[in-house]
Number of protein chains: 2
Amino acid sequence: MPDIGAADGRQRVIIEGVTPEVDGGRFPVKRSVGEQVVVEADIFCDGHEVLRCLLRYRCRGAADWQETPMQLLGNDRWRATFSVDELGTYEYTLVAWVDHFLTWRHDLARREDEQDIALALLSGAALLEAAAARASAADRKRLGTYAKRLRATGSATEGRALGADADLARLMDVYSERRHASEYERCLCVTVDPQRARFSAWYELFPRSAAATDTAHGTFADCEKHLPGIAAMGFDVLYLPPIHPIGTAFRKGPNNALVAGDNDPGSPWAIGAADGGHKAIHAQLGTLKDFRQLVKKAREHGLELAMDIAFQCSPDHPYVKEHPDWFRWRPDGTVQYAENPPKKYQDIYPLDFETESWRELWLELKSVIDFWLKQGVRIFRVDNPHTKPFPMWEWLIGEVKRTHPETIFLAEAFTRPRIMHRLAKLGFTQSYTYFTWRNTKQELTEYLTELSQDGSREYFRPNLWPNTPDILPESLQFGGRPAFLLRVALAATLGANYGIYGPAFELMEHQPRGPRSEEYLDSEKYQIRQWDLDRSDSLRHYIARLNHIRRDNPALQGDWSLRFHPIDNDMLLCFSKSHQVAPDEINTIVVVANLDPYNPQSGWINLPLTELGIDPDSAYQAHDLLSDARYLWQGPSNFVRLEPDASPVHILRLRRRVRSERDFDYFL
Amino acid sequence: MPDIGAADGRQRVIIEGVTPEVDGGRFPVKRSVGEQVVVEADIFCDGHEVLRCLLRYRCRGAADWQETPMQLLGNDRWRATFSVDELGTYEYTLVAWVDHFLTWRHDLARREDEQDIALALLSGAALLEAAAARASAADRKRLGTYAKRLRATGSATEGRALGADADLARLMDVYSERRHASEYERCLCVTVDPQRARFSAWYELFPRSAAATDTAHGTFADCEKHLPGIAAMGFDVLYLPPIHPIGTAFRKGPNNALVAGDNDPGSPWAIGAADGGHKAIHAQLGTLKDFRQLVKKAREHGLELAMDIAFQCSPDHPYVKEHPDWFRWRPDGTVQYAENPPKKYQDIYPLDFETESWRELWLELKSVIDFWLKQGVRIFRVDNPHTKPFPMWEWLIGEVKRTHPETIFLAEAFTRPRIMHRLAKLGFTQSYTYFTWRNTKQELTEYLTELSQDGSREYFRPNLWPNTPDILPESLQFGGRPAFLLRVALAATLGANYGIYGPAFELMEHQPRGPRSEEYLDSEKYQIRQWDLDRSDSLRHYIARLNHIRRDNPALQGDWSLRFHPIDNDMLLCFSKSHQVAPDEINTIVVVANLDPYNPQSGWINLPLTELGIDPDSAYQAHDLLSDARYLWQGPSNFVRLEPDASPVHILRLRRRVRSERDFDYFL
């Protein structure tokens, strides 16, 4: 018999069009612990027989697959769902086959001719007998009894009733003939991250500015004193720029000056000096022990410490002497400094990833992560990952997450979209976004709809920042206090993950280094700053309120439910998020924002009430969680007016009426 | 050194998002000889270096790849194109690398500091010397000379000029360092079919009705007499329903009667009798020699014969006795007849593709195709392919096309969309469509836009039929002559491939078997019919005109250029097709159709003139190729009025003004 190219030509069922599936299964999708994976596929067969389709899934390493039946949605589309309850990797795939018993059952029910039915009962008995041969002893007996009854009955009515018997169907389900089942050709993966990967609020702080006096260099011990305040604001990630020894060669002075003064501390990203490199601590900050203590104390305040990973070197970094082969030397014995056009980093050497010793280099870089994992760090904010090879990150993150699946990597790649997406696909847990520069109703609607609804949401988890030490956006330079209130409220509600470069944000720092510059004047990147955190105009209470609202409302703890709603004023933005918290309870938040920091704006919103869990025929309460005002609304269309100076944003929890007028608290 | 999972960590370039690519490369795309494949991909790298990206392609079996450089479209998207000039399979893939010479050249051009430039010239010289080591003797010398000049020059200006030298760039292009090039992980395929796969007009004819007298059974010799008339109508495929011996068991009588009279011929799809099965010829039609003669004579008239392949058996088929294991026997020793719900085929046994002897069965079915290939047949219209396993078709068509790439398979699967698409993906050259039931402006616009613009056009080639022996659609039952004119004109212009069930169409047969039936009354499926092809109201001249227009206008010979245009009357449909026939010449056809068979309709069309190759500021001529009327138009908006009784359709060729009033024939 010649080879005819098919392992088993009787595998007649086709499985295709599987979702979620990233790049033909090349990359995993992402979920956090406790989330669901809704799997769909086109499944069909030649002919008109009845199919059985199962979703199979397992935590990687488990011996056996869990199986759950898929439901037909129509048009040959099937769906099933599973939950991911453990950190690590889950696998899923599909299996389907022609079920001859279900086909027989379906046909029997529509037969009318008595002789046809008699014949069908005999065929059915044969199917049962075949199943009995595969069954346990007890079930074999039960199936045998059913088969005998099918063979013996002279009554079409009784025969049809037997065929429709639910207990028989359950039995036959267990012993269904899977011999020619089709398995989907790919085993797909889910990376299951901690919940903080999906829902987190980041606070960035330069530890060297944490001292109590104007002149002192801040220490880890000083940072500890700030923990209660940061925790009180409701943040749960504390992110520190690099804490390593800073080089002196080509050290930058204040405001990126090419020559530093004797007392200038230099940029923390110019990593490495005689004291050590990426595994050492800048002496003025404290010791490794102090650092471990900070990690521990932060955790006691509900704060996870995020460390900056910048794989680059000051010319004084020990690597430069110990591993000259990791750098690209020019004919004059120098190395071309790093650039991220138009930015120039004269104080930084890039690593040469095309070195013949690339394996040694990769291993050393991974050992840096391993070192800090040992000190208790579980979150890494990676600086400019797009200037290091993609295959290196895929390997490194994969290796780390294999042993430490609780680790979170945030990609700081403010670059072109394909590159940001590739980094997310290959393993970065979260990604910075263009939110920082999206201001108008159209910009925000288009971009956030893409982030929350496109297929890329399966792997790209956005983290929204209104500012960073590198970016003081135009909106904050010119919009005054209303712009700060607006931008942080948008970040905190549009994004389940968001962050601020803290002291500069809460104190509304808004002076740029020069016209058309997004750099902060007197940036902490090049000098120590003193912040009066108790200033009366600080936004800390407003930010605390925002984070409190986020923690109380599951709707704000994920991104996928985001929907924008019509409002008849282009200066007003209206959107909602919702989450089913119980079978009969939806947590729904509607945000209305005045994008104009200078003028009051008003308009009519239009809400899809049924989608949001509100009965369109009953009154409901819109409870502003920022101001505690309560509005009694009915129907989809309602009036809003926002004064930017008072509060440019409503964060409304929709409460449906649950009690009659005989009770006190009417709304849920 | 531990295994770090990457073959070469220095392959830094990422290639993804390749189009066209069907299901991650699982299936080939389709083209016809002479067409182009436009390949695009997202290609990028870490960092800011300059990339070189090449498209590689070859006719399968060729030893070497052809390479063509890709152009950057923006946003990391690259494109290149190749032509497929031979029947069979082409392969294509992509390769890309970081080009250090181009990067150096780009950097040199923007350097300003004299010392920087001096250093850069030395670095450049080193790149040239490395390339010289890979070069031919002559080129080595030339590169060496360039390198020496770079090292020797003291002038920044001269150095920069040298770096920008075009001849040097060409040399370095040849010897570019590809050591760390990334190859796309998949090799993608193109099935290259004959041109008739893209552009064909089918005519279906029951040979048994081809006799000159009312009572005689038509023969192949009778069919020969019809060839000049069919060719004169401009068709190029002559499709015959099955020509095999017809069974007598459960033979159907006229109008699908369950009992046949003694002289009833039965359905040609009830294949097989004592005389033989799928490799035999129904004796009343003639001999195998007569058949070969018909194939040959048809070809002399420019007609390719299409044969019906229906893999099913009358109970009298020799397979039933010789291979009882290919059928599923019920306990009473019978086989359940075939069904395609709600249709019942009491005179047909289905084959059991779950037989243990499936390999023997597949080989036998392939031998059927092989047999008819030997008789000269190159087109197969496959009956109900969706009731036979998908893997069987993929294997069978693949095997046939491997040795006979000129073969065309048309899938007659009027079924659910996923199933029709899978059949097209796995190898069917053309597919029947839902056109038969799409009548309104919205239906036609949506469906034809899907067929001509969606990604599925890469593999799904539609063939539009206004009627078939199985389908007399409602529109033809009630719309009178205007409906016939309209539907065939739409099929012939919306579809580069179309067909009619001939005599019944051209003679406007429109009586159904009963109310709400799409079956023809006195259908040729069950009885011999006599057709008066010379009837004065025959549509044959109109159809001839349509096919003539199709042959004269390349715009109508493909589907992908189809665009619908606004028109302010929902009973009027306006669309265009265009084709670039020379660098400065576009063949453009605009069709306006009155979808209302009962009333004249008028409205204003709105054409995107620049897209259609017409200068919006000049007058142009709309030449109706059906009526030969010529309209002088200017601008996008023009008035049309269509009388259904006269002609429900304009087929307008747009002619741009090429001569001044001093000449005679103004328009091209």
# chains A, B, ... in the order shown; residues from 1 in each chain; ligands from 1
$ interface_residues --of "chain B" --to "chain A" --cutoff "7 Å" --atoms "only C-alpha atoms" --output "list in words"
Gly5, Gly9, Arg10, Arg12, Gly24, Asp46, Gly47, Leu119, Leu122, Ser123, Arg330, Pro331, Phe353, Glu354, Trp358, His386, Thr387, Lys388, Pro389, Phe390, Pro391, Met392 and Trp395 of chain B
$ residues_around --residues "Thr433 in chain B" --least-positions-apart "3" --cutoff "10 Å" --atoms "only C-alpha atoms" --output "ChimeraX atom specification"
/B:411-415,417,420,430,436-438,447,451,460-465
$ residues_around --residues "Asn606 in chain B" --least-positions-apart "3" --cutoff "7 Å" --atoms "only C-alpha atoms" --output "JSON, numbers by chain"
{"B": [565, 566, 567, 636, 637, 638]}
$ write_last_selection --atoms "C-alpha atoms" --output "PDB file, in the first residue's frame"
ATOM      1  CA  HIS B 565     -19.659  53.095  -5.814  1.00  0.00           C
ATOM      2  CA  PRO B 566     -22.383  55.241  -4.292  1.00  0.00           C
ATOM      3  CA  ILE B 567     -25.601  55.759  -6.184  1.00  0.00           C
ATOM      4  CA  PRO B 636     -17.655  62.061 -10.678  1.00  0.00           C
ATOM      5  CA  SER B 637     -21.408  62.579 -10.613  1.00  0.00           C
ATOM      6  CA  ASN B 638     -23.496  61.529 -13.610  1.00  0.00           C
TER       7      ASN B 638
END
$ residues_around --residues "Gly159 in chain B" --least-positions-apart "5" --cutoff "10 Å" --atoms "only C-alpha atoms" --output "list in words"
Leu108, Ile117, Ala118, Ala120, Leu121, Leu122, Gly124, Arg149, Leu150, Arg151, Ala152, Thr153, Gly154, Ala164 and Asp165 of chain B
$ select_by_dssp --residues "range 223-380 of chain A" --states "helix (DSSP H, G or I)" --output "PyMOL selection string"
chain A and resi 223-232+254-256+283-285+288-300+318-322+324-326+358-374
$ residues_around --residues "Leu188 in chain B" --least-positions-apart "4" --cutoff "8 Å" --atoms "only C-alpha atoms" --output "PyMOL selection string"
chain B and resi 21+25+28+91-93
$ select_by_dssp --residues "range 517-656 of chain B" --states "strand (DSSP E or B)" --output "ChimeraX atom specification"
/B:520,563-564,567,572-582,585-594,601-606,619-624,630-634,637-642,649-656
$ residues_around --residues "range 506-518 of chain A" --least-positions-apart "5" --cutoff "12 Å" --atoms "only C-alpha atoms" --output "ChimeraX atom specification"
/A:203-205,230,233,254-257,343,436-437,466-485,487-488,499-501,523-524,529-544
$ residues_around --residues "range 294-304 of chain A" --least-positions-apart "3" --cutoff "6 Å" --atoms "only C-alpha atoms" --output "ChimeraX atom specification"
/A:236-237,291
$ write_last_selection --atoms "N, CA, C and O atoms" --output "tab-separated table (two decimals), in the first residue's frame"
chain	number	residue	atom	x	y	z
A	236	ASP	N	0.79	50.21	45.20
A	236	ASP	CA	1.24	48.88	45.60
A	236	ASP	C	2.54	48.45	44.93
A	236	ASP	O	2.99	47.32	45.12
A	237	VAL	N	3.13	49.33	44.11
A	237	VAL	CA	4.47	49.07	43.58
A	237	VAL	C	5.30	50.33	43.81
A	237	VAL	O	4.86	51.43	43.49
A	291	PHE	N	19.16	47.38	51.66
A	291	PHE	CA	18.25	47.21	50.53
A	291	PHE	C	17.25	46.10	50.81
A	291	PHE	O	16.05	46.26	50.60
$ atom_distance --atom1 "CA of Asp370 in chain A" --atom2 "CA of Val33 in chain A"
23.5 Å
$ atom_distance --atom1 "CA of Trp78 in chain A" --atom2 "CA of Cys187 in chain A"
17.5 Å
$ closest_residue --among "B:Leu128, B:Lys279, B:Val22, B:Tyr432" --to "Arg457 in chain B" --atoms "only C-alpha atoms"
B:Val22
